[in-house]
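Below is the file run-v2.cif, which contains mmCIF, N, CA and C atoms.
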```cif
data_work
loop_
_atom_site.group_PDB
_atom_site.id
_atom_site.type_symbol
_atom_site.label_atom_id
_atom_site.label_comp_id
_atom_site.auth_asym_id
_atom_site.auth_seq_id
_atom_site.Cartn_x
_atom_site.Cartn_y
_atom_site.Cartn_z
ATOM 1 N N MET A 1 5.757 -70.018 -7.632
ATOM 2 C CA MET A 1 6.445 -70.651 -6.521
ATOM 3 C C MET A 1 6.015 -69.948 -5.227
ATOM 4 N N PRO A 2 5.443 -70.641 -4.279
ATOM 5 C CA PRO A 2 5.001 -70.019 -3.026
ATOM 6 C C PRO A 2 6.186 -69.642 -2.144
ATOM 7 N N PHE A 3 5.916 -68.709 -1.228
ATOM 8 C CA PHE A 3 6.938 -68.281 -0.271
ATOM 9 C C PHE A 3 7.309 -69.444 0.630
ATOM 10 N N GLU A 4 8.594 -69.628 0.799
ATOM 11 C CA GLU A 4 9.066 -70.701 1.675
ATOM 12 C C GLU A 4 9.633 -70.097 2.952
ATOM 13 N N LYS A 5 9.325 -70.715 4.069
ATOM 14 C CA LYS A 5 9.812 -70.252 5.360
ATOM 15 C C LYS A 5 11.341 -70.276 5.371
ATOM 16 N N GLY A 6 11.937 -69.165 5.859
ATOM 17 C CA GLY A 6 13.393 -69.069 5.912
ATOM 18 C C GLY A 6 13.995 -68.409 4.679
ATOM 19 N N ASN A 7 13.185 -68.081 3.677
ATOM 20 C CA ASN A 7 13.669 -67.434 2.467
ATOM 21 C C ASN A 7 14.143 -66.022 2.804
ATOM 22 N N LYS A 8 15.389 -65.713 2.501
ATOM 23 C CA LYS A 8 15.964 -64.403 2.820
ATOM 24 C C LYS A 8 16.037 -63.487 1.606
ATOM 25 N N LEU A 9 15.557 -63.921 0.457
ATOM 26 C CA LEU A 9 15.699 -63.145 -0.778
ATOM 27 C C LEU A 9 14.832 -61.897 -0.795
ATOM 28 N N GLY A 10 13.669 -61.921 -0.223
ATOM 29 C CA GLY A 10 12.757 -60.785 -0.289
ATOM 30 C C GLY A 10 12.669 -59.993 0.994
ATOM 31 N N THR A 11 13.737 -59.926 1.759
ATOM 32 C CA THR A 11 13.665 -59.255 3.060
ATOM 33 C C THR A 11 13.743 -57.736 2.956
ATOM 34 N N GLY A 12 14.301 -57.192 1.856
ATOM 35 C CA GLY A 12 14.376 -55.739 1.693
ATOM 36 C C GLY A 12 15.470 -55.105 2.523
ATOM 37 N N ARG A 13 15.366 -53.773 2.689
ATOM 38 C CA ARG A 13 16.352 -53.019 3.470
ATOM 39 C C ARG A 13 16.229 -53.350 4.946
ATOM 40 N N PRO A 14 17.338 -53.270 5.666
ATOM 41 C CA PRO A 14 17.248 -53.418 7.122
ATOM 42 C C PRO A 14 16.422 -52.273 7.711
ATOM 43 N N LYS A 15 15.719 -52.531 8.793
ATOM 44 C CA LYS A 15 14.875 -51.538 9.441
ATOM 45 C C LYS A 15 15.705 -50.316 9.831
ATOM 46 N N GLY A 16 15.149 -49.122 9.528
ATOM 47 C CA GLY A 16 15.816 -47.870 9.889
ATOM 48 C C GLY A 16 16.772 -47.348 8.833
ATOM 49 N N THR A 17 17.054 -48.125 7.820
ATOM 50 C CA THR A 17 17.947 -47.692 6.746
ATOM 51 C C THR A 17 17.138 -46.918 5.714
ATOM 52 N N PRO A 18 17.470 -45.626 5.491
ATOM 53 C CA PRO A 18 16.697 -44.861 4.509
ATOM 54 C C PRO A 18 17.012 -45.334 3.093
ATOM 55 N N ASN A 19 16.050 -45.196 2.189
ATOM 56 C CA ASN A 19 16.351 -45.579 0.820
ATOM 57 C C ASN A 19 17.291 -44.546 0.198
ATOM 58 N N LYS A 20 17.876 -44.886 -0.932
ATOM 59 C CA LYS A 20 18.897 -44.058 -1.562
ATOM 60 C C LYS A 20 18.367 -42.665 -1.911
ATOM 61 N N ASP A 21 17.143 -42.592 -2.466
ATOM 62 C CA ASP A 21 16.575 -41.300 -2.851
ATOM 63 C C ASP A 21 16.376 -40.394 -1.639
ATOM 64 N N THR A 22 15.848 -40.956 -0.551
ATOM 65 C CA THR A 22 15.622 -40.168 0.665
ATOM 66 C C THR A 22 16.943 -39.624 1.189
ATOM 67 N N LYS A 23 17.959 -40.446 1.198
ATOM 68 C CA LYS A 23 19.274 -40.026 1.684
ATOM 69 C C LYS A 23 19.822 -38.886 0.824
ATOM 70 N N GLU A 24 19.709 -39.010 -0.501
ATOM 71 C CA GLU A 24 20.220 -37.975 -1.405
ATOM 72 C C GLU A 24 19.449 -36.661 -1.236
ATOM 73 N N ILE A 25 18.142 -36.740 -1.062
ATOM 74 C CA ILE A 25 17.323 -35.537 -0.873
ATOM 75 C C ILE A 25 17.701 -34.845 0.433
ATOM 76 N N ARG A 26 17.874 -35.617 1.486
ATOM 77 C CA ARG A 26 18.261 -35.029 2.777
ATOM 78 C C ARG A 26 19.621 -34.354 2.687
ATOM 79 N N GLU A 27 20.561 -35.004 2.004
ATOM 80 C CA GLU A 27 21.894 -34.423 1.861
ATOM 81 C C GLU A 27 21.831 -33.131 1.046
ATOM 82 N N ALA A 28 21.037 -33.106 -0.016
ATOM 83 C CA ALA A 28 20.893 -31.900 -0.843
ATOM 84 C C ALA A 28 20.254 -30.773 -0.039
ATOM 85 N N PHE A 29 19.229 -31.093 0.755
ATOM 86 C CA PHE A 29 18.568 -30.083 1.578
ATOM 87 C C PHE A 29 19.539 -29.536 2.618
ATOM 88 N N GLN A 30 20.299 -30.428 3.236
ATOM 89 C CA GLN A 30 21.269 -30.001 4.243
ATOM 90 C C GLN A 30 22.298 -29.060 3.619
ATOM 91 N N LYS A 31 22.780 -29.395 2.420
ATOM 92 C CA LYS A 31 23.752 -28.544 1.730
ATOM 93 C C LYS A 31 23.142 -27.178 1.420
ATOM 94 N N LEU A 32 21.901 -27.156 0.942
ATOM 95 C CA LEU A 32 21.202 -25.910 0.635
ATOM 96 C C LEU A 32 21.101 -25.020 1.872
ATOM 97 N N VAL A 33 20.731 -25.610 2.987
ATOM 98 C CA VAL A 33 20.600 -24.844 4.234
ATOM 99 C C VAL A 33 21.955 -24.331 4.693
ATOM 100 N N GLU A 34 22.955 -25.212 4.683
ATOM 101 C CA GLU A 34 24.285 -24.806 5.146
ATOM 102 C C GLU A 34 24.854 -23.664 4.316
ATOM 103 N N GLU A 35 24.596 -23.688 3.010
ATOM 104 C CA GLU A 35 25.136 -22.654 2.137
ATOM 105 C C GLU A 35 24.332 -21.351 2.207
ATOM 106 N N ASN A 36 23.174 -21.372 2.853
ATOM 107 C CA ASN A 36 22.319 -20.185 2.926
ATOM 108 C C ASN A 36 22.010 -19.749 4.351
ATOM 109 N N LEU A 37 22.837 -20.131 5.296
ATOM 110 C CA LEU A 37 22.586 -19.766 6.696
ATOM 111 C C LEU A 37 22.519 -18.252 6.885
ATOM 112 N N ASP A 38 23.439 -17.529 6.253
ATOM 113 C CA ASP A 38 23.422 -16.071 6.391
ATOM 114 C C ASP A 38 22.137 -15.482 5.812
ATOM 115 N N ASN A 39 21.753 -15.958 4.617
ATOM 116 C CA ASN A 39 20.509 -15.482 4.000
ATOM 117 C C ASN A 39 19.304 -15.815 4.862
ATOM 118 N N MET A 40 19.267 -17.034 5.386
ATOM 119 C CA MET A 40 18.122 -17.463 6.199
ATOM 120 C C MET A 40 18.005 -16.610 7.462
ATOM 121 N N THR A 41 19.132 -16.288 8.052
ATOM 122 C CA THR A 41 19.124 -15.426 9.233
ATOM 123 C C THR A 41 18.543 -14.054 8.882
ATOM 124 N N GLU A 42 18.970 -13.513 7.749
ATOM 125 C CA GLU A 42 18.458 -12.214 7.310
ATOM 126 C C GLU A 42 16.954 -12.293 7.025
ATOM 127 N N TRP A 43 16.523 -13.346 6.342
ATOM 128 C CA TRP A 43 15.102 -13.498 6.018
ATOM 129 C C TRP A 43 14.256 -13.615 7.278
ATOM 130 N N LEU A 44 14.733 -14.420 8.235
ATOM 131 C CA LEU A 44 13.988 -14.577 9.486
ATOM 132 C C LEU A 44 13.922 -13.259 10.262
ATOM 133 N N THR A 45 15.009 -12.502 10.219
ATOM 134 C CA THR A 45 15.025 -11.203 10.898
ATOM 135 C C THR A 45 13.985 -10.270 10.285
ATOM 136 N N ARG A 46 13.901 -10.262 8.961
ATOM 137 C CA ARG A 46 12.904 -9.419 8.276
ATOM 138 C C ARG A 46 11.478 -9.836 8.645
ATOM 139 N N VAL A 47 11.245 -11.130 8.645
ATOM 140 C CA VAL A 47 9.907 -11.626 8.992
ATOM 141 C C VAL A 47 9.585 -11.267 10.441
ATOM 142 N N ALA A 48 10.560 -11.449 11.339
ATOM 143 C CA ALA A 48 10.336 -11.200 12.767
ATOM 144 C C ALA A 48 10.022 -9.736 13.051
ATOM 145 N N GLU A 49 10.594 -8.828 12.252
ATOM 146 C CA GLU A 49 10.318 -7.402 12.456
ATOM 147 C C GLU A 49 8.839 -7.087 12.249
ATOM 148 N N LYS A 50 8.221 -7.736 11.275
ATOM 149 C CA LYS A 50 6.821 -7.484 10.966
ATOM 150 C C LYS A 50 5.878 -8.427 11.699
ATOM 151 N N ASN A 51 6.336 -9.671 11.900
ATOM 152 C CA ASN A 51 5.453 -10.684 12.479
ATOM 153 C C ASN A 51 6.272 -11.715 13.264
ATOM 154 N N PRO A 52 6.560 -11.433 14.534
ATOM 155 C CA PRO A 52 7.386 -12.340 15.339
ATOM 156 C C PRO A 52 6.824 -13.762 15.437
ATOM 157 N N SER A 53 5.500 -13.875 15.526
ATOM 158 C CA SER A 53 4.928 -15.227 15.655
ATOM 159 C C SER A 53 5.141 -16.041 14.378
ATOM 160 N N LYS A 54 5.092 -15.387 13.221
ATOM 161 C CA LYS A 54 5.352 -16.074 11.952
ATOM 162 C C LYS A 54 6.809 -16.543 11.897
ATOM 163 N N ALA A 55 7.716 -15.717 12.388
ATOM 164 C CA ALA A 55 9.132 -16.096 12.424
ATOM 165 C C ALA A 55 9.327 -17.338 13.292
ATOM 166 N N MET A 56 8.620 -17.381 14.427
ATOM 167 C CA MET A 56 8.715 -18.565 15.298
ATOM 168 C C MET A 56 8.147 -19.800 14.612
ATOM 169 N N GLU A 57 7.066 -19.627 13.861
ATOM 170 C CA GLU A 57 6.493 -20.745 13.112
ATOM 171 C C GLU A 57 7.502 -21.286 12.096
ATOM 172 N N LEU A 58 8.196 -20.374 11.421
ATOM 173 C CA LEU A 58 9.198 -20.794 10.441
ATOM 174 C C LEU A 58 10.345 -21.539 11.103
ATOM 175 N N ILE A 59 10.808 -21.022 12.233
ATOM 176 C CA ILE A 59 11.894 -21.685 12.962
ATOM 177 C C ILE A 59 11.437 -23.067 13.417
ATOM 178 N N ASN A 60 10.230 -23.139 13.936
ATOM 179 C CA ASN A 60 9.683 -24.417 14.386
ATOM 180 C C ASN A 60 9.576 -25.404 13.223
ATOM 181 N N GLY A 61 9.122 -24.916 12.079
ATOM 182 C CA GLY A 61 9.008 -25.775 10.903
ATOM 183 C C GLY A 61 10.356 -26.293 10.443
ATOM 184 N N LEU A 62 11.369 -25.439 10.466
ATOM 185 C CA LEU A 62 12.706 -25.872 10.073
ATOM 186 C C LEU A 62 13.316 -26.839 11.080
ATOM 187 N N SER A 63 12.963 -26.680 12.335
ATOM 188 C CA SER A 63 13.548 -27.540 13.374
ATOM 189 C C SER A 63 13.158 -29.000 13.193
ATOM 190 N N GLU A 64 12.031 -29.248 12.520
ATOM 191 C CA GLU A 64 11.604 -30.626 12.300
ATOM 192 C C GLU A 64 12.605 -31.399 11.447
ATOM 193 N N TYR A 65 13.401 -30.682 10.660
ATOM 194 C CA TYR A 65 14.391 -31.348 9.817
ATOM 195 C C TYR A 65 15.699 -31.597 10.557
ATOM 196 N N ILE A 66 15.821 -31.001 11.731
ATOM 197 C CA ILE A 66 17.057 -31.130 12.502
ATOM 198 C C ILE A 66 16.833 -31.953 13.768
ATOM 199 N N ILE A 67 15.762 -31.628 14.468
ATOM 200 C CA ILE A 67 15.451 -32.295 15.734
ATOM 201 C C ILE A 67 14.320 -33.282 15.484
ATOM 202 N N PRO A 68 14.561 -34.568 15.694
ATOM 203 C CA PRO A 68 13.485 -35.534 15.441
ATOM 204 C C PRO A 68 12.326 -35.349 16.415
ATOM 205 N N LYS A 69 11.124 -35.563 15.907
ATOM 206 C CA LYS A 69 9.950 -35.471 16.769
ATOM 207 C C LYS A 69 9.908 -36.683 17.698
ATOM 208 N N LEU A 70 9.477 -36.441 18.903
ATOM 209 C CA LEU A 70 9.290 -37.532 19.844
ATOM 210 C C LEU A 70 7.912 -38.123 19.615
ATOM 211 N N SER A 71 7.855 -39.417 19.640
ATOM 212 C CA SER A 71 6.550 -40.042 19.443
ATOM 213 C C SER A 71 5.796 -40.083 20.772
ATOM 214 N N ARG A 72 4.492 -40.039 20.646
ATOM 215 C CA ARG A 72 3.667 -40.107 21.846
ATOM 216 C C ARG A 72 3.449 -41.560 22.195
ATOM 217 N N SER A 73 3.384 -41.809 23.475
ATOM 218 C CA SER A 73 3.132 -43.166 23.948
ATOM 219 C C SER A 73 1.893 -43.160 24.824
ATOM 220 N N GLU A 74 1.077 -44.146 24.634
ATOM 221 C CA GLU A 74 -0.103 -44.291 25.471
ATOM 222 C C GLU A 74 0.170 -45.405 26.465
ATOM 223 N N ILE A 75 -0.095 -45.124 27.702
ATOM 224 C CA ILE A 75 0.129 -46.112 28.749
ATOM 225 C C ILE A 75 -1.215 -46.501 29.329
ATOM 226 N N LYS A 76 -1.483 -47.782 29.318
ATOM 227 C CA LYS A 76 -2.717 -48.286 29.902
ATOM 228 C C LYS A 76 -2.335 -49.220 31.045
ATOM 229 N N ALA A 77 -3.103 -49.125 32.104
ATOM 230 C CA ALA A 77 -2.831 -49.981 33.247
ATOM 231 C C ALA A 77 -4.138 -50.330 33.948
ATOM 232 N N GLU A 78 -4.162 -51.499 34.484
ATOM 233 C CA GLU A 78 -5.296 -51.897 35.318
ATOM 234 C C GLU A 78 -4.805 -51.930 36.754
ATOM 235 N N ILE A 79 -5.566 -51.292 37.611
ATOM 236 C CA ILE A 79 -5.182 -51.215 39.013
ATOM 237 C C ILE A 79 -6.193 -51.999 39.830
ATOM 238 N N GLU A 80 -5.671 -52.881 40.609
ATOM 239 C CA GLU A 80 -6.545 -53.667 41.474
ATOM 240 C C GLU A 80 -6.402 -53.142 42.898
ATOM 241 N N ILE A 81 -7.530 -52.763 43.485
ATOM 242 C CA ILE A 81 -7.517 -52.257 44.852
ATOM 243 C C ILE A 81 -7.731 -53.433 45.787
ATOM 244 N N THR A 82 -6.763 -53.631 46.658
ATOM 245 C CA THR A 82 -6.844 -54.778 47.559
ATOM 246 C C THR A 82 -7.247 -54.398 48.980
ATOM 247 N N ASP A 83 -7.062 -53.138 49.355
ATOM 248 C CA ASP A 83 -7.420 -52.699 50.695
ATOM 249 C C ASP A 83 -8.682 -51.852 50.637
ATOM 250 N N GLU A 84 -9.548 -52.063 51.588
ATOM 251 C CA GLU A 84 -10.745 -51.238 51.679
ATOM 252 C C GLU A 84 -10.462 -50.087 52.631
ATOM 253 N N VAL A 85 -11.019 -48.933 52.304
ATOM 254 C CA VAL A 85 -10.823 -47.744 53.123
ATOM 255 C C VAL A 85 -12.179 -47.338 53.679
ATOM 256 N N ASP A 86 -12.228 -47.106 54.968
ATOM 257 C CA ASP A 86 -13.466 -46.686 55.618
ATOM 258 C C ASP A 86 -13.585 -45.172 55.513
ATOM 259 N N LEU A 87 -14.511 -44.717 54.680
ATOM 260 C CA LEU A 87 -14.702 -43.288 54.462
ATOM 261 C C LEU A 87 -15.795 -42.703 55.342
ATOM 262 N N SER A 88 -16.387 -43.518 56.186
ATOM 263 C CA SER A 88 -17.502 -43.041 57.009
ATOM 264 C C SER A 88 -17.074 -41.984 58.023
ATOM 265 N N GLN A 89 -15.806 -41.939 58.322
ATOM 266 C CA GLN A 89 -15.327 -40.954 59.294
ATOM 267 C C GLN A 89 -15.207 -39.547 58.697
ATOM 268 N N PHE A 90 -15.326 -39.429 57.387
ATOM 269 C CA PHE A 90 -15.205 -38.133 56.726
ATOM 270 C C PHE A 90 -16.571 -37.556 56.403
ATOM 271 N N LYS A 91 -16.642 -36.236 56.406
ATOM 272 C CA LYS A 91 -17.863 -35.566 56.000
ATOM 273 C C LYS A 91 -17.911 -35.527 54.474
ATOM 274 N N THR A 92 -19.117 -35.453 53.936
ATOM 275 C CA THR A 92 -19.311 -35.443 52.485
ATOM 276 C C THR A 92 -18.559 -34.290 51.836
ATOM 277 N N ASP A 93 -18.607 -33.115 52.435
ATOM 278 C CA ASP A 93 -17.909 -31.956 51.876
ATOM 279 C C ASP A 93 -16.398 -32.188 51.816
ATOM 280 N N GLU A 94 -15.856 -32.842 52.834
ATOM 281 C CA GLU A 94 -14.415 -33.124 52.850
ATOM 282 C C GLU A 94 -14.034 -34.083 51.718
ATOM 283 N N LEU A 95 -14.877 -35.092 51.498
ATOM 284 C CA LEU A 95 -14.610 -36.050 50.425
ATOM 285 C C LEU A 95 -14.698 -35.377 49.055
ATOM 286 N N LYS A 96 -15.709 -34.533 48.869
ATOM 287 C CA LYS A 96 -15.854 -33.826 47.597
ATOM 288 C C LYS A 96 -14.646 -32.929 47.339
ATOM 289 N N LYS A 97 -14.200 -32.224 48.378
ATOM 290 C CA LYS A 97 -13.043 -31.343 48.240
ATOM 291 C C LYS A 97 -11.796 -32.148 47.908
ATOM 292 N N ALA A 98 -11.610 -33.281 48.572
ATOM 293 C CA ALA A 98 -10.445 -34.119 48.315
ATOM 294 C C ALA A 98 -10.451 -34.645 46.877
ATOM 295 N N LEU A 99 -11.621 -35.049 46.385
ATOM 296 C CA LEU A 99 -11.719 -35.513 45.005
ATOM 297 C C LEU A 99 -11.452 -34.381 44.018
ATOM 298 N N LYS A 100 -11.995 -33.215 44.306
ATOM 299 C CA LYS A 100 -11.788 -32.061 43.429
ATOM 300 C C LYS A 100 -10.315 -31.672 43.386
ATOM 301 N N ASP A 101 -9.651 -31.624 44.540
ATOM 302 C CA ASP A 101 -8.236 -31.290 44.617
ATOM 303 C C ASP A 101 -7.389 -32.317 43.871
ATOM 304 N N ASP A 102 -7.820 -33.582 43.912
ATOM 305 C CA ASP A 102 -7.081 -34.663 43.249
ATOM 306 C C ASP A 102 -7.165 -34.521 41.738
ATOM 307 N N GLU A 103 -8.276 -34.007 41.198
ATOM 308 C CA GLU A 103 -8.432 -33.826 39.752
ATOM 309 C C GLU A 103 -7.497 -32.780 39.211
ATOM 310 N N ILE A 104 -7.149 -31.803 40.021
ATOM 311 C CA ILE A 104 -6.276 -30.710 39.590
ATOM 312 C C ILE A 104 -4.859 -31.228 39.368
ATOM 313 N N GLU A 105 -4.401 -32.135 40.160
ATOM 314 C CA GLU A 105 -3.022 -32.624 40.087
ATOM 315 C C GLU A 105 -2.782 -33.473 38.918
#
```

What's the C-alpha cells form of this structure?
Amino acid sequence: MPFEKGNKLGTGRPKGTPNKDTKEIREAFQKLVEENLDNMTEWLTRVAEKNPSKAMELINGLSEYIIPKLSRSEIKAEIEITDEVDLSQFKTDELKKALKDDEIE
C-alpha cells in the first residue's frame, strides 16, 4: 500500500521529544553526578594540583551535559552599492592605510 497524503500513522515522535532510552540514560547520569558531587570535587581538586589545564578540560567536558552548546550560524548577504565614491582626492598611501585599518576591525 503506497503512502497516502495526510496519513498520520507514521509521523513518529514530535520534534524535540527525546526517545525513552535517551531520557532514562540522562536521568541515570544526572543521578550518578548528583550522588557523587563531593567525590567529583575531590577528584577535580587532586587533578588540578598536578595539572590545572587537565582539570579545566574535565570541567569543560562535564559542562556539555549541563549547558547546551550553541550552534553556529552562517550569515550570507549580498550588498549592492548604489552610490559611487570619488577616491581621486585621496593619496594611494592613505587608501592603503584605510583598507588595512578596516581589515583589523

List every residue of chain A that DSSP, applied to the backbone of this structure, assigns to alpha helix (DSSP H), and report them as a compact mmCIF listing (two decimals) with N, CA and C atoms, in the frame of the given file.
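Contents of selection10.txt, freshly written:
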```txt
# COMPACT_ATOMS: atom_id res chain seq x y z
N LYS A 20 17.88 -44.89 -0.93
CA LYS A 20 18.90 -44.06 -1.56
C LYS A 20 18.37 -42.66 -1.91
N ASP A 21 17.14 -42.59 -2.47
CA ASP A 21 16.58 -41.30 -2.85
C ASP A 21 16.38 -40.39 -1.64
N THR A 22 15.85 -40.96 -0.55
CA THR A 22 15.62 -40.17 0.66
C THR A 22 16.94 -39.62 1.19
N LYS A 23 17.96 -40.45 1.20
CA LYS A 23 19.27 -40.03 1.68
C LYS A 23 19.82 -38.89 0.82
N GLU A 24 19.71 -39.01 -0.50
CA GLU A 24 20.22 -37.98 -1.40
C GLU A 24 19.45 -36.66 -1.24
N ILE A 25 18.14 -36.74 -1.06
CA ILE A 25 17.32 -35.54 -0.87
C ILE A 25 17.70 -34.84 0.43
N ARG A 26 17.87 -35.62 1.49
CA ARG A 26 18.26 -35.03 2.78
C ARG A 26 19.62 -34.35 2.69
N GLU A 27 20.56 -35.00 2.00
CA GLU A 27 21.89 -34.42 1.86
C GLU A 27 21.83 -33.13 1.05
N ALA A 28 21.04 -33.11 -0.02
CA ALA A 28 20.89 -31.90 -0.84
C ALA A 28 20.25 -30.77 -0.04
N PHE A 29 19.23 -31.09 0.76
CA PHE A 29 18.57 -30.08 1.58
C PHE A 29 19.54 -29.54 2.62
N GLN A 30 20.30 -30.43 3.24
CA GLN A 30 21.27 -30.00 4.24
C GLN A 30 22.30 -29.06 3.62
N LYS A 31 22.78 -29.40 2.42
CA LYS A 31 23.75 -28.54 1.73
C LYS A 31 23.14 -27.18 1.42
N LEU A 32 21.90 -27.16 0.94
CA LEU A 32 21.20 -25.91 0.64
C LEU A 32 21.10 -25.02 1.87
N VAL A 33 20.73 -25.61 2.99
CA VAL A 33 20.60 -24.84 4.23
C VAL A 33 21.96 -24.33 4.69
N GLU A 34 22.96 -25.21 4.68
CA GLU A 34 24.28 -24.81 5.15
C GLU A 34 24.85 -23.66 4.32
N GLU A 35 24.60 -23.69 3.01
CA GLU A 35 25.14 -22.65 2.14
C GLU A 35 24.33 -21.35 2.21
N LEU A 37 22.84 -20.13 5.30
CA LEU A 37 22.59 -19.77 6.70
C LEU A 37 22.52 -18.25 6.88
N ASP A 38 23.44 -17.53 6.25
CA ASP A 38 23.42 -16.07 6.39
C ASP A 38 22.14 -15.48 5.81
N ASN A 39 21.75 -15.96 4.62
CA ASN A 39 20.51 -15.48 4.00
C ASN A 39 19.30 -15.82 4.86
N MET A 40 19.27 -17.03 5.39
CA MET A 40 18.12 -17.46 6.20
C MET A 40 18.00 -16.61 7.46
N THR A 41 19.13 -16.29 8.05
CA THR A 41 19.12 -15.43 9.23
C THR A 41 18.54 -14.05 8.88
N GLU A 42 18.97 -13.51 7.75
CA GLU A 42 18.46 -12.21 7.31
C GLU A 42 16.95 -12.29 7.02
N TRP A 43 16.52 -13.35 6.34
CA TRP A 43 15.10 -13.50 6.02
C TRP A 43 14.26 -13.62 7.28
N LEU A 44 14.73 -14.42 8.24
CA LEU A 44 13.99 -14.58 9.49
C LEU A 44 13.92 -13.26 10.26
N THR A 45 15.01 -12.50 10.22
CA THR A 45 15.02 -11.20 10.90
C THR A 45 13.98 -10.27 10.28
N ARG A 46 13.90 -10.26 8.96
CA ARG A 46 12.90 -9.42 8.28
C ARG A 46 11.48 -9.84 8.64
N VAL A 47 11.24 -11.13 8.64
CA VAL A 47 9.91 -11.63 8.99
C VAL A 47 9.59 -11.27 10.44
N ALA A 48 10.56 -11.45 11.34
CA ALA A 48 10.34 -11.20 12.77
C ALA A 48 10.02 -9.74 13.05
N GLU A 49 10.59 -8.83 12.25
CA GLU A 49 10.32 -7.40 12.46
C GLU A 49 8.84 -7.09 12.25
N LYS A 50 8.22 -7.74 11.28
CA LYS A 50 6.82 -7.48 10.97
C LYS A 50 5.88 -8.43 11.70
N PRO A 52 6.56 -11.43 14.53
CA PRO A 52 7.39 -12.34 15.34
C PRO A 52 6.82 -13.76 15.44
N SER A 53 5.50 -13.88 15.53
CA SER A 53 4.93 -15.23 15.66
C SER A 53 5.14 -16.04 14.38
N LYS A 54 5.09 -15.39 13.22
CA LYS A 54 5.35 -16.07 11.95
C LYS A 54 6.81 -16.54 11.90
N ALA A 55 7.72 -15.72 12.39
CA ALA A 55 9.13 -16.10 12.42
C ALA A 55 9.33 -17.34 13.29
N MET A 56 8.62 -17.38 14.43
CA MET A 56 8.72 -18.57 15.30
C MET A 56 8.15 -19.80 14.61
N GLU A 57 7.07 -19.63 13.86
CA GLU A 57 6.49 -20.74 13.11
C GLU A 57 7.50 -21.29 12.10
N LEU A 58 8.20 -20.37 11.42
CA LEU A 58 9.20 -20.79 10.44
C LEU A 58 10.34 -21.54 11.10
N ILE A 59 10.81 -21.02 12.23
CA ILE A 59 11.89 -21.68 12.96
C ILE A 59 11.44 -23.07 13.42
N ASN A 60 10.23 -23.14 13.94
CA ASN A 60 9.68 -24.42 14.39
C ASN A 60 9.58 -25.40 13.22
N GLY A 61 9.12 -24.92 12.08
CA GLY A 61 9.01 -25.78 10.90
C GLY A 61 10.36 -26.29 10.44
N LEU A 62 11.37 -25.44 10.47
CA LEU A 62 12.71 -25.87 10.07
C LEU A 62 13.32 -26.84 11.08
N SER A 63 12.96 -26.68 12.34
CA SER A 63 13.55 -27.54 13.37
C SER A 63 13.16 -29.00 13.19
N THR A 92 -19.12 -35.45 53.94
CA THR A 92 -19.31 -35.44 52.48
C THR A 92 -18.56 -34.29 51.84
N ASP A 93 -18.61 -33.12 52.44
CA ASP A 93 -17.91 -31.96 51.88
C ASP A 93 -16.40 -32.19 51.82
N GLU A 94 -15.86 -32.84 52.83
CA GLU A 94 -14.42 -33.12 52.85
C GLU A 94 -14.03 -34.08 51.72
N LEU A 95 -14.88 -35.09 51.50
CA LEU A 95 -14.61 -36.05 50.42
C LEU A 95 -14.70 -35.38 49.06
N LYS A 96 -15.71 -34.53 48.87
CA LYS A 96 -15.85 -33.83 47.60
C LYS A 96 -14.65 -32.93 47.34
N LYS A 97 -14.20 -32.22 48.38
CA LYS A 97 -13.04 -31.34 48.24
C LYS A 97 -11.80 -32.15 47.91
N ALA A 98 -11.61 -33.28 48.57
CA ALA A 98 -10.44 -34.12 48.32
C ALA A 98 -10.45 -34.65 46.88
N LEU A 99 -11.62 -35.05 46.38
CA LEU A 99 -11.72 -35.51 45.00
C LEU A 99 -11.45 -34.38 44.02
N LYS A 100 -12.00 -33.22 44.31
CA LYS A 100 -11.79 -32.06 43.43
C LYS A 100 -10.32 -31.67 43.39
N ASP A 101 -9.65 -31.62 44.54
CA ASP A 101 -8.24 -31.29 44.62
C ASP A 101 -7.39 -32.32 43.87
N ASP A 102 -7.82 -33.58 43.91
CA ASP A 102 -7.08 -34.66 43.25
C ASP A 102 -7.16 -34.52 41.74
N GLU A 103 -8.28 -34.01 41.20
CA GLU A 103 -8.43 -33.83 39.75
C GLU A 103 -7.50 -32.78 39.21
N ILE A 104 -7.15 -31.80 40.02
CA ILE A 104 -6.28 -30.71 39.59
C ILE A 104 -4.86 -31.23 39.37
```

Figure out the distance between atom C of Asp38 (chain A) and CA of Leu58 (chain A), please, to one decimal in Å.
->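 Straight-line distance from CA of Leu58 (chain A) to atom C of Asp38 (chain A) works out to 14.7 Å.
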
Using all atoms of region 60-77 of chain A that appear in the file, construct an axis-aligned enclosing box with 3 Å of padding on every side and provide its centre coordinates and edge lengths in Å, rounded to one decimal, as JSON.
```
{"center_x": 6.5, "center_y": -36.7, "center_z": 21.9, "size_x": 27.2, "size_y": 33.2, "size_z": 30.1}
```
